[in-house]
Amino acid sequence: MKKLTIIFRHAPHSTSHGREALDLAMLSASFEQEVSLIFVDEGILHLLPNQHSELVGSKDYIATFKALPLYDVEDLFVCQTSLEQLEIPASHLNLAPEILDTRAIANKLSQADEVLVF
């Protein structure tokens with residue numbers, strides 16, 4: 001089974017990167033690939049609740065993250081350094097991702113067959 005890691009780096013709703021990454025994750029998982037998601041930099045903002053995408057003229061795809069367990073996408077990780085830089089407490093995040101330091105993230109990336117950054 002191929003191991004795919006998708007990195008979310010960009011804030012939601014400002015570009016299509018987040019939606020494309022989420023679509024790819026679900027599509028890849030539906031073809032029985034092992035998919036992991038890592039949220040870094042402004043990408044961690046995808047994990048915050050109560051987003052009002054309609055105010056910026058964007059569709060709400062954030063709610064779709066709740067469907068990931070249906071696709072057996074359960075490996076969700078968030079960068080500890082990014083949380084600290086953006087001053088976001090882990091308790092404010094949806095989906096309960098595992099918090100990793102940069103060394104642990106590098107280790108996860110080395111285990112992947114393919115890494116895609118969005």
# chains A, B, ... in the order shown; residues from 1 in each chain; ligands from 1
$ select_by_dssp --residues "chain A" --states "helix (DSSP H, G or I)" --output "PyMOL selection string"
chain A and resi 17-30+41-47+53-56+62-71+80-85+90-92+102-111
$ residues_around --residues "Phe118 (chain A)" --least-positions-apart "3" --cutoff "10 Å" --atoms "only C-alpha atoms" --output "ChimeraX atom specification"
/A:6-11,15-22,39,43
$ select_by_dssp --residues "chain A" --states "strand (DSSP E or B)" --output "short mmCIF file (atom, residue, chain, number, x, y, z; two decimals) with C-alpha atoms, in the first residue's frame"
data_model
loop_
_atom_site.label_atom_id
_atom_site.label_comp_id
_atom_site.auth_asym_id
_atom_site.auth_seq_id
_atom_site.Cartn_x
_atom_site.Cartn_y
_atom_site.Cartn_z
CA LYS A 3 1.86 5.94 1.79
CA LEU A 4 0.82 9.45 0.79
CA THR A 5 1.42 12.47 3.01
CA ILE A 6 -0.35 15.72 2.25
CA ILE A 7 0.89 18.94 3.85
CA PHE A 8 -1.49 21.84 4.37
CA GLU A 34 -2.57 5.16 3.29
CA VAL A 35 -3.07 8.92 3.65
CA SER A 36 -1.63 11.18 6.35
CA LEU A 37 -2.32 14.88 6.71
CA ILE A 38 0.13 17.33 8.26
CA PHE A 39 -0.90 20.90 9.06
CA ASP A 75 -3.37 10.11 10.69
CA LEU A 76 -3.72 13.84 11.33
CA PHE A 77 -0.76 15.82 12.61
CA VAL A 78 -0.18 19.46 13.46
CA CYS A 79 3.11 21.30 13.86
CA GLU A 98 -1.55 14.67 17.10
CA ILE A 99 0.85 17.51 17.87
CA LEU A 100 4.37 16.91 16.58
CA GLU A 114 5.05 10.51 -1.76
CA VAL A 115 4.68 13.96 -0.18
CA LEU A 116 2.51 16.70 -1.68
CA VAL A 117 2.43 20.26 -0.36
#
$ closest_residue --among "A:Leu70, A:Leu109, A:His92, A:Thr81" --to "Val40 (chain A)" --atoms "only C-alpha atoms"
A:Thr81
$ closest_residue --among "A:Leu68, A:Ile105, A:Met1, A:Leu86" --to "Phe31 (chain A)" --atoms "only C-alpha atoms"
A:Met1
$ atom_distance --atom1 "CA of Leu83 (chain A)" --atom2 "CA of Asp101 (chain A)"
10.3 Å
$ residues_around --residues "Gln51 (chain A)" --least-positions-apart "3" --cutoff "9 Å" --atoms "only C-alpha atoms" --output "list of chain:residue names"
A:His46, A:Leu48, A:Glu54, A:Asp60, A:Ile62
$ closest_residue --among "A:Thr64, A:Ser14, A:Thr102, A:Asn94" --to "Gln80 (chain A)" --atoms "only C-alpha atoms"
A:Thr102
$ closest_residue --among "A:Leu45, A:Ala96, A:Leu27, A:Gln33" --to "Ala112 (chain A)" --atoms "only C-alpha atoms"
A:Gln33
$ closest_residue --among "A:Ser91, A:Ser30, A:Ala67, A:Pro12" --to "Ile44 (chain A)" --atoms "only C-alpha atoms"
A:Pro12
$ atom_distance --atom1 "CA of Lys108 (chain A)" --atom2 "CA of Leu47 (chain A)"
19.6 Å
